[in-house]
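Okay, protein-v9.csv now, which holds CSV, N, CA and C atoms:
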chain,number,residue,atom,x,y,z
A,40,MET,N,120.7,77.1,103.7
A,40,MET,CA,121.4,77.7,102.6
A,40,MET,C,121.5,79.2,102.8
A,41,ASP,N,122.6,79.7,102.6
A,41,ASP,CA,122.9,81.2,102.7
A,41,ASP,C,122.5,81.9,101.4
A,42,ILE,N,121.8,82.9,101.5
A,42,ILE,CA,121.4,83.8,100.3
A,42,ILE,C,121.8,85.2,100.6
A,43,ARG,N,121.9,86.0,99.5
A,43,ARG,CA,122.2,87.4,99.6
A,43,ARG,C,121.1,88.2,98.9
A,44,LEU,N,120.5,89.1,99.7
A,44,LEU,CA,119.5,90.0,99.1
A,44,LEU,C,120.2,91.3,98.8
A,45,THR,N,120.0,91.9,97.7
A,45,THR,CA,120.4,93.3,97.5
A,45,THR,C,119.2,94.1,97.4
A,46,ILE,N,119.0,94.9,98.5
A,46,ILE,CA,117.8,95.7,98.6
A,46,ILE,C,118.1,97.2,98.3
A,47,ASP,N,117.6,97.6,97.1
A,47,ASP,CA,117.9,99.0,96.7
A,47,ASP,C,119.4,99.3,96.8
A,48,GLY,N,120.2,98.4,96.4
A,48,GLY,CA,121.7,98.6,96.3
A,48,GLY,C,122.4,98.2,97.6
A,49,HIS,N,121.8,97.8,98.6
A,49,HIS,CA,122.4,97.4,99.9
A,49,HIS,C,122.4,95.9,100.1
A,50,GLY,N,123.5,95.3,100.4
A,50,GLY,CA,123.6,93.9,100.6
A,50,GLY,C,123.1,93.5,101.9
A,51,VAL,N,122.3,92.4,102.0
A,51,VAL,CA,121.7,91.9,103.2
A,51,VAL,C,121.8,90.3,103.2
A,52,ASP,N,122.3,89.7,104.2
A,52,ASP,CA,122.4,88.3,104.3
A,52,ASP,C,121.2,87.6,104.9
A,53,ALA,N,120.9,86.5,104.4
A,53,ALA,CA,119.7,85.7,105.0
A,53,ALA,C,120.0,84.2,104.8
A,54,THR,N,119.3,83.4,105.6
A,54,THR,CA,119.4,82.0,105.6
A,54,THR,C,118.1,81.3,105.3
A,55,LEU,N,118.1,80.4,104.3
A,55,LEU,CA,116.8,79.7,104.0
A,55,LEU,C,116.7,78.4,104.9
A,56,ASN,N,115.5,78.1,105.2
A,56,ASN,CA,115.3,76.8,105.9
A,56,ASN,C,115.5,75.6,105.0
A,57,ASP,N,115.7,74.5,105.6
A,57,ASP,CA,115.9,73.2,104.9
A,57,ASP,C,114.5,72.6,104.7
A,58,THR,N,113.7,73.2,103.8
A,58,THR,CA,112.3,72.6,103.5
A,58,THR,C,112.2,72.6,102.0
A,59,ALA,N,111.2,71.8,101.6
A,59,ALA,CA,110.9,71.6,100.1
A,59,ALA,C,110.6,73.0,99.5
A,60,THR,N,109.8,73.8,100.2
A,60,THR,CA,109.4,75.1,99.6
A,60,THR,C,110.7,76.0,99.5
A,61,ALA,N,111.5,76.1,100.5
A,61,ALA,CA,112.7,76.9,100.5
A,61,ALA,C,113.7,76.4,99.4
A,62,ARG,N,113.8,75.1,99.3
A,62,ARG,CA,114.7,74.6,98.2
A,62,ARG,C,114.1,74.9,96.8
A,63,ASP,N,112.8,74.8,96.7
A,63,ASP,CA,112.2,75.2,95.4
A,63,ASP,C,112.4,76.7,95.1
A,64,PHE,N,112.3,77.5,96.1
A,64,PHE,CA,112.6,79.0,95.9
A,64,PHE,C,114.1,79.1,95.5
A,65,ALA,N,115.0,78.5,96.2
A,65,ALA,CA,116.4,78.6,95.9
A,65,ALA,C,116.7,78.2,94.4
A,66,ALA,N,115.9,77.2,93.9
A,66,ALA,CA,116.1,76.7,92.5
A,66,ALA,C,115.8,77.8,91.5
A,67,LEU,N,115.0,78.8,91.9
A,67,LEU,CA,114.7,79.9,91.0
A,67,LEU,C,115.7,81.0,91.0
A,68,LEU,N,116.6,81.0,91.9
A,68,LEU,CA,117.6,82.1,92.1
A,68,LEU,C,118.7,82.0,91.0
A,69,PRO,N,119.2,83.1,90.6
A,69,PRO,CA,119.0,84.5,91.0
A,69,PRO,C,117.7,85.1,90.5
A,70,LEU,N,117.1,85.9,91.3
A,70,LEU,CA,115.8,86.6,90.9
A,70,LEU,C,115.9,88.1,91.2
A,71,THR,N,115.3,88.9,90.4
A,71,THR,CA,115.1,90.3,90.7
A,71,THR,C,113.6,90.5,90.9
A,72,LEU,N,113.2,91.0,92.0
A,72,LEU,CA,111.8,91.2,92.4
A,72,LEU,C,111.4,92.6,92.5
A,73,ARG,N,110.3,93.0,91.9
A,73,ARG,CA,109.7,94.3,92.1
A,73,ARG,C,108.7,94.2,93.3
A,74,MET,N,109.0,94.9,94.3
A,74,MET,CA,108.3,94.8,95.6
A,74,MET,C,107.2,95.8,95.7
A,75,ALA,N,106.1,95.4,96.4
A,75,ALA,CA,105.0,96.3,96.8
A,75,ALA,C,104.7,96.1,98.2
A,76,ASP,N,104.1,97.2,98.9
A,76,ASP,CA,103.8,97.1,100.3
A,76,ASP,C,102.5,96.4,100.5
A,77,PHE,N,102.3,95.6,101.6
A,77,PHE,CA,101.1,95.0,101.9
A,77,PHE,C,100.8,95.2,103.4
A,78,HIS,N,99.8,95.8,103.7
A,78,HIS,CA,99.3,96.1,105.1
A,78,HIS,C,100.4,96.7,106.0
A,79,HIS,N,101.3,97.5,105.5
A,79,HIS,CA,102.3,98.1,106.3
A,79,HIS,C,103.1,97.2,107.2
A,80,THR,N,103.2,95.9,106.7
A,80,THR,CA,103.9,94.9,107.4
A,80,THR,C,104.9,94.1,106.6
A,81,GLU,N,104.6,94.0,105.3
A,81,GLU,CA,105.5,93.1,104.5
A,81,GLU,C,105.6,93.7,103.1
A,82,ARG,N,106.6,93.4,102.4
A,82,ARG,CA,106.8,93.7,101.0
A,82,ARG,C,106.5,92.4,100.2
A,83,ILE,N,105.8,92.5,99.2
A,83,ILE,CA,105.4,91.3,98.4
A,83,ILE,C,105.8,91.4,97.0
A,84,ALA,N,106.0,90.2,96.4
A,84,ALA,CA,106.4,90.1,95.0
A,84,ALA,C,106.0,88.8,94.4
A,85,ASP,N,105.8,88.7,93.1
A,85,ASP,CA,105.4,87.4,92.5
A,85,ASP,C,106.7,86.7,92.0
A,86,PRO,N,106.8,85.4,92.4
A,86,PRO,CA,107.9,84.6,91.8
A,86,PRO,C,107.5,84.2,90.3
A,87,PRO,N,108.4,83.7,89.5
A,87,PRO,CA,108.0,83.3,88.2
A,87,PRO,C,107.0,82.2,88.1
A,88,ARG,N,106.9,81.4,89.2
A,88,ARG,CA,106.0,80.3,89.2
A,88,ARG,C,105.6,80.0,90.7
A,89,ARG,N,104.6,79.2,90.8
A,89,ARG,CA,104.2,78.7,92.2
A,89,ARG,C,105.3,77.8,92.7
A,90,LEU,N,105.4,77.8,94.1
A,90,LEU,CA,106.4,76.9,94.7
A,90,LEU,C,105.8,75.7,95.3
A,91,ASP,N,106.6,74.7,95.4
A,91,ASP,CA,106.2,73.4,96.0
A,91,ASP,C,106.1,73.6,97.5
A,92,THR,N,104.9,73.2,98.0
A,92,THR,CA,104.6,73.4,99.4
A,92,THR,C,104.5,72.0,100.1
A,93,SER,N,105.0,71.0,99.5
A,93,SER,CA,105.0,69.6,100.1
A,93,SER,C,105.6,69.7,101.5
A,94,GLY,N,104.8,69.1,102.5
A,94,GLY,CA,105.3,69.0,103.9
A,94,GLY,C,105.2,70.3,104.6
A,95,ALA,N,104.7,71.4,104.0
A,95,ALA,CA,104.7,72.7,104.7
A,95,ALA,C,103.6,72.7,105.8
A,96,PRO,N,103.8,73.5,106.9
A,96,PRO,CA,102.8,73.6,107.9
A,96,PRO,C,101.6,74.3,107.3
A,97,GLU,N,100.4,74.1,107.9
A,97,GLU,CA,99.2,74.7,107.4
A,97,GLU,C,99.1,76.2,107.6
A,98,ALA,N,99.9,76.7,108.6
A,98,ALA,CA,99.9,78.1,108.9
A,98,ALA,C,101.2,78.5,109.6
A,99,SER,N,101.4,79.8,109.6
A,99,SER,CA,102.6,80.3,110.3
A,99,SER,C,102.3,81.7,110.9
A,100,GLU,N,103.1,82.1,111.9
A,100,GLU,CA,103.0,83.4,112.5
A,100,GLU,C,104.3,84.1,112.2
A,101,PRO,N,104.4,85.0,111.2
A,101,PRO,CA,105.6,85.6,110.8
A,101,PRO,C,106.1,86.7,111.7
A,102,LYS,N,107.4,86.7,111.8
A,102,LYS,CA,108.1,87.8,112.6
A,102,LYS,C,108.9,88.7,111.7
A,103,ALA,N,109.2,89.9,112.1
A,103,ALA,CA,110.0,90.8,111.3
A,103,ALA,C,111.3,90.1,111.0
A,104,GLY,N,111.7,90.2,109.7
A,104,GLY,CA,112.9,89.5,109.2
A,104,GLY,C,112.6,88.2,108.5
A,105,ASP,N,111.4,87.7,108.6
A,105,ASP,CA,111.1,86.4,107.9
A,105,ASP,C,110.8,86.6,106.4
A,106,LEU,N,111.3,85.7,105.7
A,106,LEU,CA,111.0,85.6,104.2
A,106,LEU,C,110.1,84.4,104.1
A,107,ALA,N,109.0,84.7,103.4
A,107,ALA,CA,107.9,83.7,103.3
A,107,ALA,C,107.3,83.6,101.9
A,108,TYR,N,106.4,82.5,101.8
A,108,TYR,CA,105.7,82.3,100.6
A,108,TYR,C,104.2,82.1,101.0
A,109,TYR,N,103.3,82.9,100.4
A,109,TYR,CA,101.9,82.8,100.7
A,109,TYR,C,101.3,82.0,99.6
A,110,ALA,N,101.1,80.7,99.9
A,110,ALA,CA,100.6,79.7,98.9
A,110,ALA,C,99.3,80.0,98.3
A,111,PRO,N,98.3,80.5,99.0
A,111,PRO,CA,97.0,80.8,98.4
A,111,PRO,C,97.1,81.8,97.2
A,112,TRP,N,97.9,82.8,97.3
A,112,TRP,CA,98.1,83.8,96.2
A,112,TRP,C,99.3,83.5,95.4
A,113,GLY,N,100.2,82.7,95.8
A,113,GLY,CA,101.4,82.4,95.1
A,113,GLY,C,102.4,83.5,95.1
A,114,ASN,N,102.5,84.3,96.2
A,114,ASN,CA,103.4,85.4,96.2
A,114,ASN,C,104.4,85.2,97.3
A,115,LEU,N,105.6,85.9,97.2
A,115,LEU,CA,106.6,86.0,98.2
A,115,LEU,C,106.2,87.1,99.1
A,116,ALA,N,106.6,87.0,100.4
A,116,ALA,CA,106.4,88.0,101.4
A,116,ALA,C,107.6,88.2,102.3
A,117,PHE,N,108.2,89.4,102.3
A,117,PHE,CA,109.3,89.7,103.1
A,117,PHE,C,108.9,90.6,104.2
A,118,PHE,N,108.9,90.1,105.5
A,118,PHE,CA,108.3,90.9,106.6
A,118,PHE,C,109.2,91.8,107.2
A,119,TYR,N,108.8,93.1,107.4
A,119,TYR,CA,109.6,94.1,108.1
A,119,TYR,C,108.9,94.4,109.4
A,120,ARG,N,107.8,93.9,109.7
A,120,ARG,CA,107.1,93.9,111.0
A,120,ARG,C,106.5,92.5,111.3
A,121,ASP,N,106.3,92.3,112.5
A,121,ASP,CA,105.6,91.0,112.9
A,121,ASP,C,104.2,90.9,112.2
A,122,GLY,N,103.9,89.8,111.8
A,122,GLY,CA,102.6,89.6,111.1
A,122,GLY,C,101.7,88.8,112.0
A,123,GLU,N,100.5,88.5,111.5
A,123,GLU,CA,99.5,87.7,112.2
A,123,GLU,C,99.5,86.3,111.8
A,124,HIS,N,99.0,85.4,112.6
A,124,HIS,CA,98.9,84.0,112.3
A,124,HIS,C,98.2,83.9,110.9
A,125,SER,N,98.7,83.2,110.0
A,125,SER,CA,98.2,83.2,108.6
A,125,SER,C,98.2,81.8,108.0
A,126,PRO,N,97.0,81.2,107.8
A,126,PRO,CA,96.9,80.0,107.1
A,126,PRO,C,97.5,80.1,105.6
A,127,GLY,N,98.2,79.1,105.2
A,127,GLY,CA,98.8,79.1,103.9
A,127,GLY,C,100.2,79.8,103.8
A,128,LEU,N,100.6,80.4,104.9
A,128,LEU,CA,101.9,81.1,104.9
A,128,LEU,C,103.0,80.1,105.2
A,129,VAL,N,104.1,80.1,104.4
A,129,VAL,CA,105.2,79.1,104.6
A,129,VAL,C,106.4,80.0,104.8
A,130,ILE,N,107.1,79.9,105.9
A,130,ILE,CA,108.3,80.6,106.2
A,130,ILE,C,109.4,79.9,105.4
A,131,LEU,N,110.1,80.7,104.6
A,131,LEU,CA,111.2,80.2,103.8
A,131,LEU,C,112.6,80.3,104.5
A,132,GLY,N,112.7,81.4,105.3
A,132,GLY,CA,114.0,81.7,105.9
A,132,GLY,C,113.9,83.0,106.7
A,133,ARG,N,115.1,83.5,107.0
A,133,ARG,CA,115.1,84.7,107.8
A,133,ARG,C,116.4,85.5,107.5
A,134,LEU,N,116.2,86.9,107.7
A,134,LEU,CA,117.4,87.7,107.6
A,134,LEU,C,118.4,87.4,108.7
A,135,ASP,N,119.6,87.4,108.4
A,135,ASP,CA,120.6,87.0,109.5
A,135,ASP,C,120.7,88.1,110.5
A,136,ASP,N,120.6,89.4,110.2
A,136,ASP,CA,120.7,90.5,111.1
A,136,ASP,C,119.3,91.2,111.2
A,137,ILE,N,118.6,91.1,112.3
A,137,ILE,CA,117.3,91.7,112.4
A,137,ILE,C,117.4,93.2,112.2
A,138,GLY,N,118.5,93.8,112.3
A,138,GLY,CA,118.7,95.3,112.0
A,138,GLY,C,118.5,95.6,110.6
A,139,ASP,N,118.5,94.6,109.7
A,139,ASP,CA,118.3,94.9,108.3
A,139,ASP,C,116.8,94.9,107.9
A,140,THR,N,115.9,94.6,108.8
A,140,THR,CA,114.5,94.6,108.5
A,140,THR,C,114.0,96.0,108.0
A,141,GLY,N,114.6,97.1,108.5
A,141,GLY,CA,114.2,98.4,108.1
A,141,GLY,C,114.4,98.7,106.7
A,142,ARG,N,115.4,98.0,106.1
A,142,ARG,CA,115.6,98.2,104.6
A,142,ARG,C,114.4,97.6,103.8
A,143,LEU,N,113.8,96.6,104.4
A,143,LEU,CA,112.7,96.0,103.7
A,143,LEU,C,111.5,96.9,103.6
A,144,ALA,N,111.3,97.7,104.6
A,144,ALA,CA,110.1,98.6,104.6
A,144,ALA,C,109.9,99.5,103.4
A,145,SER,N,111.0,99.9,102.8
A,145,SER,CA,110.9,100.8,101.6
A,145,SER,C,111.4,100.2,100.4
A,146,ALA,N,111.7,98.9,100.4
A,146,ALA,CA,112.3,98.2,99.2
A,146,ALA,C,111.4,98.3,98.0
A,147,VAL,N,112.0,98.7,96.9
A,147,VAL,CA,111.3,98.7,95.6
A,147,VAL,C,111.8,97.6,94.7
A,148,ARG,N,113.1,97.3,94.7
A,148,ARG,CA,113.6,96.2,94.0
A,148,ARG,C,114.5,95.4,94.9
A,149,VAL,N,114.4,94.1,94.9
A,149,VAL,CA,115.3,93.2,95.6
A,149,VAL,C,115.8,92.1,94.7
A,150,ARG,N,117.1,92.0,94.7
A,150,ARG,CA,117.8,91.0,94.0
A,150,ARG,C,118.2,89.9,95.0
A,151,VAL,N,117.8,88.6,94.7
A,151,VAL,CA,118.1,87.5,95.6
A,151,VAL,C,119.0,86.5,94.8
A,152,ARG,N,120.1,86.1,95.5
A,152,ARG,CA,120.9,85.1,94.9
A,152,ARG,C,121.5,84.1,95.9
A,153,VAL,N,121.8,83.0,95.5
A,153,VAL,CA,122.5,82.0,96.4
A,153,VAL,C,123.8,82.5,96.8
A,154,GLU,N,124.2,82.5,98.1
A,154,GLU,CA,125.5,83.0,98.5
A,154,GLU,C,126.4,81.7,98.6
A,155,SER,N,125.9,80.7,99.3
A,155,SER,CA,126.6,79.4,99.4
A,155,SER,C,125.7,78.4,100.0
A,156,VAL,N,126.1,77.2,100.0
A,156,VAL,CA,125.3,76.1,100.6
A,156,VAL,C,126.0,75.8,101.9
A,157,SER,N,125.2,75.8,103.0
A,157,SER,CA,125.8,75.5,104.3
A,157,SER,C,125.6,74.1,104.6
Could you quickly redo this structure as structure tokens?
Amino acid sequence: MDIRLTIDGHGVDATLNDTATARDFAALLPLTLRMADFHHTERIADPPRRLDTSGAPEASEPKAGDLAYYAPWGNLAFFYRDGEHSPGLVILGRLDDIGDTGRLASAVRVRVRVESVS
């Protein structure tokens, strides 16, 4: 599924995985998220509710550009740097252009909406 992020006024395209967690996230869209920095690696925000993690892997190793859900805390994580192997982290999708990761580093507000279904 194609989604569009508007990061502090700039449009950025991304693609969600075909997983239960990503579909559950897409069902919440459109969303406007207030972002905060976490470990100088990712921007985090709270969705309106916890996401379904049925069938999700037990852990993931995020890369710059990944959009993820951290199940233990129930928050979204948008990575602008590579992260460490993390139990409970579910990758939802990825930015289409890795060059857009720099925009995430300073994002304060991100609007996320469904662009189209592929």
Review point. Which of these, A:His124, A:Arg43, A:Arg73, A:Arg82, has the shortest distance to Leu143 in chain A once you count only C-alpha atoms?
Key: A:Arg82
Show me the residues around (103.9, 76.1, 96.0) - criterion: an atom at most 7 Å away, only N, CA and C atoms counted - as a PDB file with N, CA and C atoms, keeping the file's coordinate frame.
ATOM      1  N   THR A  60     109.800  73.800 100.200  1.00  0.00           N
ATOM      2  CA  THR A  60     109.400  75.100  99.600  1.00  0.00           C
ATOM      3  C   THR A  60     110.700  76.000  99.500  1.00  0.00           C
ATOM      4  N   ARG A  88     106.900  81.400  89.200  1.00  0.00           N
ATOM      5  CA  ARG A  88     106.000  80.300  89.200  1.00  0.00           C
ATOM      6  C   ARG A  88     105.600  80.000  90.700  1.00  0.00           C
ATOM      7  N   ARG A  89     104.600  79.200  90.800  1.00  0.00           N
ATOM      8  CA  ARG A  89     104.200  78.700  92.200  1.00  0.00           C
ATOM      9  C   ARG A  89     105.300  77.800  92.700  1.00  0.00           C
ATOM     10  N   LEU A  90     105.400  77.800  94.100  1.00  0.00           N
ATOM     11  CA  LEU A  90     106.400  76.900  94.700  1.00  0.00           C
ATOM     12  C   LEU A  90     105.800  75.700  95.300  1.00  0.00           C
ATOM     13  N   ASP A  91     106.600  74.700  95.400  1.00  0.00           N
ATOM     14  CA  ASP A  91     106.200  73.400  96.000  1.00  0.00           C
ATOM     15  C   ASP A  91     106.100  73.600  97.500  1.00  0.00           C
ATOM     16  N   THR A  92     104.900  73.200  98.000  1.00  0.00           N
ATOM     17  CA  THR A  92     104.600  73.400  99.400  1.00  0.00           C
ATOM     18  C   THR A  92     104.500  72.000 100.100  1.00  0.00           C
ATOM     19  N   SER A  93     105.000  71.000  99.500  1.00  0.00           N
ATOM     20  CA  SER A  93     105.000  69.600 100.100  1.00  0.00           C
ATOM     21  C   SER A  93     105.600  69.700 101.500  1.00  0.00           C
ATOM     22  N   ALA A 110     101.100  80.700  99.900  1.00  0.00           N
ATOM     23  CA  ALA A 110     100.600  79.700  98.900  1.00  0.00           C
ATOM     24  C   ALA A 110      99.300  80.000  98.300  1.00  0.00           C
ATOM     25  N   GLY A 113     100.200  82.700  95.800  1.00  0.00           N
ATOM     26  CA  GLY A 113     101.400  82.400  95.100  1.00  0.00           C
ATOM     27  C   GLY A 113     102.400  83.500  95.100  1.00  0.00           C
TER      28      GLY A 113
END
**Study point:** For atom C of His49 in chain A and atom N of Arg152 in chain A, the interatomic separation in Å (one decimal)
**Key:** 11.1 Å
Point to revise | Residue neighbourhood Thr54 in chain A, 7 Å, only C-alpha atoms, exclusion window fewer than 2 positions, as a ChimeraX atom specification | key: /A:40-42,56,132-135
Point to revise | Spatial neighbours of Ile46 in chain A, 6 Å, all atoms listed in the file, chain gap at least 5 places, as a list in words | key: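 Contacts, in chain order: Val51, Ala146, Arg148, Val149 and Arg150 of chain A.
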Practice item. Kindly give the distance, in Å, that separates CA of Ala65 in chain A and CA of Tyr119 in chain A, rounded to a single decimal. Key: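 Distance reported for this atom pair: 20.9 Å.
Of the listed residues A:Ala98, A:Trp112, A:Val147, A:Ala66, the one whose atoms come nearest to Val129 in chain A is A:Ala98, with distances taken using only N, CA and C atoms.
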Check your understanding: What does the distance from CA of Leu44 in chain A to CA of Pro101 in chain A come to in Å, to one decimal?
Key ->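 We find that CA of Leu44 in chain A and CA of Pro101 in chain A lie 18.7 Å from each other.
All residues within chain A that the backbone DSSP calculation assigns to helix (DSSP H, G or I) are A:Ala59, A:Thr60, A:Ala61, A:Arg62, A:Asp63, A:Phe64, A:Ala65, A:Ala66, A:Ile137, A:Gly138, A:Asp139, A:Thr140, A:Gly141, A:Arg142, A:Leu143, A:Ala144.
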Practice item. Using DSSP on the backbone coordinates, identify all residues within chain A classified as strand (DSSP E or B); present the result as a ChimeraX atom specification. Key: /A:41-46,49-55,70-73,75-77,81-84,98-99,105-109,114-118,125-126,128-134,148-155
Practice item. Considering only C-alpha atoms, return as JSON, numbers by chain whatever protein or nucleic-acid residues lie within 9 Å of Gly122 in chain A, sequence-local ones (same chain, fewer than 2 positions apart) excluded. Key: {"A": [80, 81, 100, 101, 102, 103, 118, 119, 120, 124, 125]}
Incomplete range 59-75 of chain A brought to N, CA, C and O atoms, written out as a PDB file, in the frame of the given file:
ATOM      1  N   ALA A  59     111.200  71.800 101.600  1.00  0.00           N
ATOM      2  CA  ALA A  59     110.900  71.600 100.100  1.00  0.00           C
ATOM      3  C   ALA A  59     110.600  73.000  99.500  1.00  0.00           C
ATOM      4  O   ALA A  59     111.065  73.294  98.404  1.00  0.00           O
ATOM      5  N   THR A  60     109.800  73.800 100.200  1.00  0.00           N
ATOM      6  CA  THR A  60     109.400  75.100  99.600  1.00  0.00           C
ATOM      7  C   THR A  60     110.700  76.000  99.500  1.00  0.00           C
ATOM      8  O   THR A  60     110.840  76.711  98.498  1.00  0.00           O
ATOM      9  N   ALA A  61     111.500  76.100 100.500  1.00  0.00           N
ATOM     10  CA  ALA A  61     112.700  76.900 100.500  1.00  0.00           C
ATOM     11  C   ALA A  61     113.700  76.400  99.400  1.00  0.00           C
ATOM     12  O   ALA A  61     114.264  77.226  98.680  1.00  0.00           O
ATOM     13  N   ARG A  62     113.800  75.100  99.300  1.00  0.00           N
ATOM     14  CA  ARG A  62     114.700  74.600  98.200  1.00  0.00           C
ATOM     15  C   ARG A  62     114.100  74.900  96.800  1.00  0.00           C
ATOM     16  O   ARG A  62     114.890  75.228  95.910  1.00  0.00           O
ATOM     17  N   ASP A  63     112.800  74.800  96.700  1.00  0.00           N
ATOM     18  CA  ASP A  63     112.200  75.200  95.400  1.00  0.00           C
ATOM     19  C   ASP A  63     112.400  76.700  95.100  1.00  0.00           C
ATOM     20  O   ASP A  63     112.711  77.042  93.947  1.00  0.00           O
ATOM     21  N   PHE A  64     112.300  77.500  96.100  1.00  0.00           N
ATOM     22  CA  PHE A  64     112.600  79.000  95.900  1.00  0.00           C
ATOM     23  C   PHE A  64     114.100  79.100  95.500  1.00  0.00           C
ATOM     24  O   PHE A  64     114.354  79.869  94.541  1.00  0.00           O
ATOM     25  N   ALA A  65     115.000  78.500  96.200  1.00  0.00           N
ATOM     26  CA  ALA A  65     116.400  78.600  95.900  1.00  0.00           C
ATOM     27  C   ALA A  65     116.700  78.200  94.400  1.00  0.00           C
ATOM     28  O   ALA A  65     117.574  78.738  93.764  1.00  0.00           O
ATOM     29  N   ALA A  66     115.900  77.200  93.900  1.00  0.00           N
ATOM     30  CA  ALA A  66     116.100  76.700  92.500  1.00  0.00           C
ATOM     31  C   ALA A  66     115.800  77.800  91.500  1.00  0.00           C
ATOM     32  O   ALA A  66     116.267  77.769  90.365  1.00  0.00           O
ATOM     33  N   LEU A  67     115.000  78.800  91.900  1.00  0.00           N
ATOM     34  CA  LEU A  67     114.700  79.900  91.000  1.00  0.00           C
ATOM     35  C   LEU A  67     115.700  81.000  91.000  1.00  0.00           C
ATOM     36  O   LEU A  67     115.679  81.918  90.117  1.00  0.00           O
ATOM     37  N   LEU A  68     116.600  81.000  91.900  1.00  0.00           N
ATOM     38  CA  LEU A  68     117.600  82.100  92.100  1.00  0.00           C
ATOM     39  C   LEU A  68     118.700  82.000  91.000  1.00  0.00           C
ATOM     40  O   LEU A  68     119.072  80.893  90.594  1.00  0.00           O
ATOM     41  N   PRO A  69     119.200  83.100  90.600  1.00  0.00           N
ATOM     42  CA  PRO A  69     119.000  84.500  91.000  1.00  0.00           C
ATOM     43  C   PRO A  69     117.700  85.100  90.500  1.00  0.00           C
ATOM     44  O   PRO A  69     117.239  84.719  89.361  1.00  0.00           O
ATOM     45  N   LEU A  70     117.100  85.900  91.300  1.00  0.00           N
ATOM     46  CA  LEU A  70     115.800  86.600  90.900  1.00  0.00           C
ATOM     47  C   LEU A  70     115.900  88.100  91.200  1.00  0.00           C
ATOM     48  O   LEU A  70     116.526  88.466  92.230  1.00  0.00           O
ATOM     49  N   THR A  71     115.300  88.900  90.400  1.00  0.00           N
ATOM     50  CA  THR A  71     115.100  90.300  90.700  1.00  0.00           C
ATOM     51  C   THR A  71     113.600  90.500  90.900  1.00  0.00           C
ATOM     52  O   THR A  71     112.886  90.218  89.972  1.00  0.00           O
ATOM     53  N   LEU A  72     113.200  91.000  92.000  1.00  0.00           N
ATOM     54  CA  LEU A  72     111.800  91.200  92.400  1.00  0.00           C
ATOM     55  C   LEU A  72     111.400  92.600  92.500  1.00  0.00           C
ATOM     56  O   LEU A  72     112.139  93.407  93.106  1.00  0.00           O
ATOM     57  N   ARG A  73     110.300  93.000  91.900  1.00  0.00           N
ATOM     58  CA  ARG A  73     109.700  94.300  92.100  1.00  0.00           C
ATOM     59  C   ARG A  73     108.700  94.200  93.300  1.00  0.00           C
ATOM     60  O   ARG A  73     107.785  93.424  93.218  1.00  0.00           O
ATOM     61  N   MET A  74     109.000  94.900  94.300  1.00  0.00           N
ATOM     62  CA  MET A  74     108.300  94.800  95.600  1.00  0.00           C
ATOM     63  C   MET A  74     107.200  95.800  95.700  1.00  0.00           C
ATOM     64  O   MET A  74     107.251  96.947  95.191  1.00  0.00           O
ATOM     65  N   ALA A  75     106.100  95.400  96.400  1.00  0.00           N
ATOM     66  CA  ALA A  75     105.000  96.300  96.800  1.00  0.00           C
ATOM     67  C   ALA A  75     104.700  96.100  98.200  1.00  0.00           C
ATOM     68  O   ALA A  75     104.883  95.068  98.801  1.00  0.00           O
TER      69      ALA A  75
END
